[in-house]
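Novice: Structure file run.txt, compact mmCIF, C-alpha atoms, is pasted below:
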# COMPACT_ATOMS: atom_id res chain seq x y z
CA LEU A 1 -56.00 112.13 -120.68
CA ASP A 2 -54.44 114.97 -118.70
CA GLY A 3 -56.26 116.91 -116.02
CA ASN A 4 -57.81 114.99 -113.13
CA THR A 5 -58.76 111.74 -114.86
CA LEU A 6 -56.25 109.07 -115.84
CA THR A 7 -57.29 106.49 -118.44
CA LEU A 8 -55.07 103.41 -118.83
CA THR A 9 -55.63 100.97 -121.68
CA LEU A 10 -53.25 98.52 -120.02
CA PRO A 11 -52.20 98.34 -116.36
CA PRO A 12 -49.36 100.72 -115.43
CA GLN A 13 -46.09 98.81 -115.69
CA GLY A 14 -43.87 100.92 -113.43
CA LEU A 15 -44.07 103.55 -110.69
CA ALA A 16 -41.65 105.97 -109.03
CA VAL A 17 -42.44 108.57 -106.41
CA SER A 18 -40.80 111.90 -105.60
CA THR A 19 -41.65 114.23 -102.74
CA ALA A 20 -44.42 115.88 -104.77
CA ALA A 21 -45.46 113.53 -107.55
CA LEU A 22 -46.00 109.94 -108.66
CA TYR A 23 -44.57 109.00 -112.06
CA VAL A 24 -46.37 106.27 -113.99
CA ALA A 25 -44.99 104.23 -116.89
CA ASP A 26 -48.27 104.06 -118.81
CA ALA A 27 -47.32 101.28 -121.21
CA GLY A 28 -50.72 100.92 -122.85
CA ASN A 29 -50.90 104.62 -123.69
CA HIS A 30 -47.21 104.73 -124.67
CA CYS A 31 -46.33 107.63 -122.41
CA LEU A 32 -44.95 108.66 -119.04
CA ARG A 33 -47.50 110.34 -116.77
CA ARG A 34 -47.12 112.45 -113.64
CA ILE A 35 -49.69 112.66 -110.83
CA GLN A 36 -49.38 115.49 -108.31
CA LEU A 37 -49.73 113.94 -104.86
CA LEU A 38 -51.32 116.97 -103.25
CA GLY A 39 -54.04 117.85 -105.77
CA GLY A 40 -54.22 114.82 -108.05
CA GLU A 41 -53.54 116.76 -111.25
CA ILE A 42 -52.20 114.61 -114.09
CA ASP A 43 -49.95 115.58 -116.98
CA THR A 44 -47.97 113.75 -119.64
CA VAL A 45 -44.20 114.06 -119.23
CA LEU A 46 -43.15 112.03 -122.27
CA GLY A 47 -45.01 110.60 -125.24
CA THR A 48 -47.97 111.38 -127.48
CA GLY A 49 -50.41 108.65 -126.45
CA LEU A 50 -49.73 106.68 -129.64
CA PRO A 51 -46.97 104.11 -130.23
CA GLY A 52 -43.95 105.26 -132.18
CA ARG A 53 -40.26 104.76 -132.66
CA GLU A 54 -38.88 108.10 -133.77
CA VAL A 55 -35.17 108.30 -134.47
CA ILE A 56 -33.40 111.11 -132.61
CA GLU A 57 -29.73 112.01 -132.80
CA GLY A 58 -28.16 113.21 -129.59
CA ALA A 59 -30.29 115.25 -127.20
CA THR A 60 -33.70 116.70 -128.03
CA MET A 61 -35.97 119.16 -126.24
CA ASP A 62 -39.23 117.70 -127.58
CA LEU A 63 -41.03 115.75 -124.83
CA ARG A 64 -44.04 115.13 -127.10
CA ILE A 65 -42.11 112.58 -129.09
CA ALA A 66 -43.72 109.21 -129.77
CA VAL A 67 -42.33 106.28 -127.76
CA ASN A 68 -43.16 102.59 -127.51
CA ALA A 69 -44.35 100.82 -124.35
CA PRO A 70 -42.55 102.46 -121.41
CA ALA A 71 -42.38 99.70 -118.79
CA ALA A 72 -40.36 101.17 -115.92
CA VAL A 73 -39.33 104.49 -114.44
CA ALA A 74 -36.68 105.57 -111.91
CA LEU A 75 -35.86 108.97 -110.41
CA SER A 76 -32.66 110.74 -109.45
CA GLY A 77 -33.12 114.41 -108.60
CA ASP A 78 -34.51 116.23 -111.63
CA ARG A 79 -33.73 113.31 -113.93
CA VAL A 80 -36.20 110.61 -114.88
CA TYR A 81 -34.98 107.32 -116.34
CA VAL A 82 -37.41 105.39 -118.52
CA ALA A 83 -37.16 101.82 -119.82
CA LEU A 84 -38.86 101.68 -123.23
CA SER A 85 -39.63 98.00 -123.52
CA GLY A 86 -41.21 98.27 -126.96
CA GLN A 87 -38.12 99.82 -128.51
CA ASN A 88 -35.39 98.20 -126.41
CA GLN A 89 -33.89 101.43 -125.09
CA ILE A 90 -33.23 103.44 -121.92
CA TRP A 91 -34.01 107.16 -122.10
CA ARG A 92 -33.35 109.99 -119.66
CA VAL A 93 -35.60 113.02 -119.28
CA ASP A 94 -34.25 116.14 -117.56
CA LEU A 95 -37.24 117.80 -115.89
CA HIS A 96 -35.34 121.07 -115.47
CA THR A 97 -34.17 121.56 -119.07
CA ARG A 98 -36.91 119.40 -120.63
CA GLY A 99 -34.23 117.59 -122.59
CA ILE A 100 -34.14 113.91 -123.64
CA ASP A 101 -31.09 111.68 -124.04
CA ILE A 102 -30.91 108.10 -125.31
CA LEU A 103 -28.62 106.42 -122.78
CA ALA A 104 -28.53 102.83 -124.03
CA GLY A 105 -29.83 100.65 -126.81
CA SER A 106 -29.68 100.73 -130.59
CA GLY A 107 -33.35 99.82 -130.82
CA ARG A 108 -32.58 96.29 -131.96
CA CYS A 109 -33.53 93.46 -129.61
CA GLY A 110 -30.52 91.65 -128.21
CA VAL A 111 -28.07 91.27 -125.34
CA ARG A 112 -24.92 93.05 -126.44
CA ASP A 113 -22.67 95.08 -124.17
CA GLY A 114 -21.23 98.41 -125.25
CA ALA A 115 -21.76 102.14 -124.87
CA GLY A 116 -24.71 104.33 -125.73
CA THR A 117 -26.57 103.29 -128.86
CA ASP A 118 -23.87 100.76 -129.81
CA CYS A 119 -25.26 98.25 -127.28
CA GLU A 120 -28.47 96.21 -127.38
CA LEU A 121 -31.23 95.49 -124.86
CA ALA A 122 -34.11 93.02 -125.01
CA GLN A 123 -37.40 94.33 -123.62
CA PRO A 124 -36.09 96.18 -120.54
CA ALA A 125 -38.83 95.84 -117.93
CA ALA A 126 -37.57 97.18 -114.57
CA LEU A 127 -35.07 99.71 -113.24
CA ALA A 128 -33.25 100.25 -109.95
CA MET A 129 -30.86 103.05 -108.97
CA GLN A 130 -27.54 102.61 -107.20
CA PRO A 131 -24.88 105.31 -106.78
CA GLY A 132 -23.43 106.02 -110.21
CA GLN A 133 -25.34 103.33 -112.02
CA LEU A 134 -28.70 102.17 -113.28
CA LEU A 135 -29.62 98.49 -113.02
CA ILE A 136 -31.93 97.00 -115.64
CA ALA A 137 -34.01 93.83 -115.74
CA ASP A 138 -33.70 92.83 -119.37
CA ALA A 139 -36.76 90.60 -119.49
CA GLY A 140 -36.46 89.35 -123.06
CA GLY A 141 -32.74 88.79 -122.60
CA ASN A 142 -33.09 86.79 -119.36
CA ALA A 143 -30.38 89.01 -117.93
CA ILE A 144 -29.65 91.81 -115.48
CA ARG A 145 -27.75 94.68 -117.05
CA GLN A 146 -25.65 97.44 -115.46
CA LEU A 147 -25.49 100.94 -116.97
CA ARG A 148 -22.63 103.11 -115.68
CA LEU A 149 -23.90 106.69 -115.84
CA ALA A 150 -20.47 108.35 -116.02
CA ASP A 151 -19.69 106.98 -119.49
CA LEU A 152 -22.96 105.18 -120.47
CA SER A 153 -21.20 101.84 -120.57
CA LEU A 154 -23.65 98.92 -120.50
CA THR A 155 -22.50 95.54 -119.23
CA THR A 156 -24.24 92.30 -118.30
CA LEU A 157 -24.13 91.87 -114.53
CA ALA A 158 -25.76 88.43 -114.49
CA GLY A 159 -27.69 86.08 -116.72
CA GLY A 160 -27.53 84.73 -120.21
CA SER A 161 -29.19 85.92 -123.41
CA GLN A 162 -32.48 85.71 -125.29
CA TYR A 163 -31.99 81.99 -125.77
CA GLU A 164 -30.17 81.14 -122.53
CA TYR A 165 -32.69 80.89 -119.71
CA GLY A 166 -32.90 78.73 -116.60
CA SER A 167 -32.72 78.92 -112.83
CA ASP A 168 -29.06 78.23 -112.05
CA ASP A 169 -27.32 80.26 -109.34
CA GLY A 170 -23.70 81.24 -109.81
CA ASN A 171 -21.45 84.14 -110.58
CA GLY A 172 -22.32 86.69 -113.23
CA ARG A 173 -23.05 85.20 -116.62
CA GLN A 174 -22.97 81.68 -115.20
CA ALA A 175 -26.34 82.35 -113.54
CA ARG A 176 -29.62 81.99 -115.40
CA PHE A 177 -32.98 83.79 -115.23
CA ALA A 178 -36.33 83.38 -116.95
CA HIS A 179 -37.98 86.67 -117.96
CA PRO A 180 -37.16 88.80 -114.88
CA LEU A 181 -39.68 91.61 -114.46
CA GLY A 182 -38.86 93.29 -111.14
CA LEU A 183 -35.87 94.86 -109.35
CA ALA A 184 -35.29 96.36 -105.91
CA ALA A 185 -31.98 97.57 -104.49
CA ASP A 186 -30.87 97.54 -100.85
CA GLY A 187 -27.33 98.83 -100.62
CA THR A 188 -25.13 96.61 -102.76
CA THR A 189 -27.73 93.82 -102.87
CA LEU A 190 -30.10 93.72 -105.81
CA TYR A 191 -33.28 91.67 -105.50
CA VAL A 192 -34.85 90.25 -108.65
CA ALA A 193 -38.37 89.03 -109.31
CA ASP A 194 -37.44 86.08 -111.52
CA THR A 195 -40.91 85.89 -112.94
CA LEU A 196 -41.15 82.71 -114.99
CA ASN A 197 -39.02 80.79 -112.49
CA ASN A 198 -41.48 81.78 -109.71
CA ARG A 199 -38.53 82.80 -107.54
CA LEU A 200 -36.89 85.73 -105.84
CA ARG A 201 -33.16 86.06 -106.45
CA ALA A 202 -30.41 88.18 -104.89
CA ILE A 203 -27.36 89.59 -106.66
CA GLN A 204 -24.31 91.07 -104.97
CA THR A 205 -23.62 93.91 -107.39
CA ARG A 206 -19.95 94.27 -106.46
CA GLY A 207 -19.15 90.71 -107.43
CA GLY A 208 -22.10 89.48 -109.45
CA GLU A 209 -22.86 86.47 -107.23
CA VAL A 210 -26.46 85.28 -107.73
CA SER A 211 -28.41 83.25 -105.18
CA THR A 212 -32.02 82.13 -104.77
CA LEU A 213 -33.79 83.30 -101.62
CA PRO A 214 -34.66 80.20 -99.54
CA LEU A 215 -38.35 80.90 -98.97
CA GLU A 216 -41.11 78.48 -98.08
CA TRP A 217 -43.66 80.25 -100.22
CA ARG A 218 -45.10 79.33 -103.58
CA PHE A 219 -44.99 82.31 -105.91
CA HIS A 220 -47.05 82.56 -109.09
CA GLU A 221 -45.05 84.71 -111.50
CA PRO A 222 -43.90 87.52 -109.17
CA GLN A 223 -43.50 90.79 -111.01
CA GLY A 224 -43.36 94.04 -109.03
CA ILE A 225 -40.89 94.23 -106.15
CA SER A 226 -39.65 96.96 -103.80
CA PHE A 227 -37.59 97.20 -100.62
CA ALA A 228 -38.86 99.26 -97.68
CA ALA A 229 -39.06 99.05 -93.88
CA GLY A 230 -36.50 96.25 -93.84
CA ALA A 231 -38.52 93.92 -96.06
CA LEU A 232 -39.32 93.10 -99.66
CA TRP A 233 -42.82 93.79 -100.95
CA VAL A 234 -43.76 91.58 -103.87
CA ALA A 235 -46.65 91.81 -106.31
CA ASP A 236 -47.34 88.14 -107.06
CA ARG A 237 -49.28 88.76 -110.24
CA ASN A 238 -50.91 85.42 -110.97
CA ALA A 239 -51.90 84.94 -107.34
CA HIS A 240 -53.37 88.47 -107.27
CA GLU A 241 -51.73 89.22 -103.93
CA ILE A 242 -49.05 91.27 -102.20
CA VAL A 243 -46.46 89.37 -100.15
CA ARG A 244 -44.16 90.83 -97.50
CA VAL A 245 -40.83 89.02 -97.36
CA GLU A 246 -38.55 89.35 -94.35
CA VAL A 247 -35.31 88.35 -96.04
CA GLU A 248 -33.15 87.60 -93.00
CA GLN A 249 -35.80 85.48 -91.32
CA GLY A 250 -37.04 83.92 -94.56
CA ARG A 251 -40.60 84.69 -93.49
CA CYS A 252 -43.37 85.54 -95.96
CA THR A 253 -46.73 87.12 -95.11
CA ARG A 254 -49.66 87.76 -97.40
CA ILE A 255 -50.89 91.36 -97.12
CA PRO A 256 -54.71 91.62 -97.23
CA VAL A 257 -55.81 94.32 -99.65
CA GLY A 258 -59.42 95.46 -99.83
CA GLU A 259 -60.58 92.77 -97.42
Go ahead and express the file in the form of structure tokens.
Specialist:
Amino acid sequence: LDGNTLTLTLPPQGLAVSTAALYVADAGNHCLRRIQLLGGEIDTVLGTGLPGREVIEGATMDLRIAVNAPAAVALSGDRVYVALSGQNQIWRVDLHTRGIDILAGSGRCGVRDGAGTDCELAQPAALAMQPGQLLIADAGGNAIRQLRLADLSLTTLAGGSQYEYGSDDGNGRQARFAHPLGLAADGTTLYVADTLNNRLRAIQTRGGEVSTLPLEWRFHEPQGISFAAGALWVADRNAHEIVRVEVEQGRCTRIPVGE
């Protein structure tokens, strides 16, 4: 519902903020919403409110096209990147031209590298921007993918496949994840909420080395994660709490909310 009231049938699965607006991946309503920070007005940027998987060739100017379960959103200038978990694709919306491009994913569920719609993703669930590239938590593929924006080449930065999960550290595809649902970038370090392993992981994006953060804290399926003010902020979903993680010190603090 546009206007000043936002109705969500499922919890919002991803957020990104610009100087003037908050963008919401409204997975349950199958659309991308925008909330003006100053006045609270809400409009739909992408989607119809109903699930769909329309086939488009090349770019389109129709933002009222049906999409399936947007789970994550990232911003870069006038461009909005959306992870469509329900259709295993990454789309880009140009807010200036109102154009849409399919950047990655054939629509089939899988972990296959390639370019554009010749590659495959498996339930992409989180996005993080780095200069020249978009990083993707491929939840169903137990992998972290790397989309180079210059040529839309998608590669697997770390992890296995749909059927190769675990908790091993290592380099690149030697490492294992279990349904990662959150990403946060700090320079060339990418932090991962490795949800079903109840861990936080770090990846050096220039070399692909994966390590587990040595924290004396028991997580319960961490999902949302961001980096700000020199710390990680983690939504520990099954503990119903927010945790501040000082990475260098290895110190974790529960943040009281509504108490």
Novice: So which residues touch Thr212 (chain A) within 8 Å, counting all atoms listed in the file, skipping near sequence neighbours fewer than 3 positions away, as a ChimeraX atom specification?
Specialist: /A:169,199-202
Novice: Considering only C-alpha atoms, state which residue in the set A:Leu75, A:Ala125, A:Val67, A:Val111 is at the smallest distance from Pro12 (chain A).
Specialist: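 Checking each of A:Leu75, A:Ala125, A:Val67, A:Val111 against Pro12 (chain A), counting only C-alpha atoms, the winner is A:Ala125.
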Novice: As a list in words, please: the residues near Arg237 (chain A) (cut-off 7 Å, only C-alpha atoms, same-chain neighbours under 5 positions excluded).
Specialist: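 Residues meeting the cut-off are His220, Glu221, Pro222 and Gln223 of chain A.
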Novice: One decimal, Å: what's the distance from CA of Thr48 (chain A) over to CA of His30 (chain A), could you say?
Specialist: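 For CA of Thr48 (chain A) relative to CA of His30 (chain A), the distance reads 7.3 Å.
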Novice: Smallest atom-to-atom distance to Ala150 (chain A): which of A:Arg92, A:Gln133, A:Val243, A:Ile65, using only C-alpha atoms?
Specialist: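 Using only C-alpha atoms, Ala150 (chain A) sits closest to A:Gln133.
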Novice: Which residue gives the smallest distance to Leu127 (chain A) among A:Gly160, A:Gly86, A:Gly14, A:Gly105, with all atoms listed in the file counted?
Specialist: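 Smallest distance to Leu127 (chain A) is found for A:Gly14.
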Novice: Might you pull out every residue within 10 Å of Ser167 (chain A), with all atoms listed in the file counted and same-chain residues fewer than 3 positions away left off, and present them as JSON, numbers by chain?
Specialist: {"A": [159, 170, 175, 176, 177, 178, 194, 196, 197, 198, 199, 201, 211, 212]}
Novice: Report as a ChimeraX atom specification all protein, DNA and RNA residues lying within 7 Å of region 33-41 of chain A, evaluated on all atoms listed in the file, omitting residues in the same chain fewer than 4 positions from it.
Specialist: /A:3-4,20-26,45
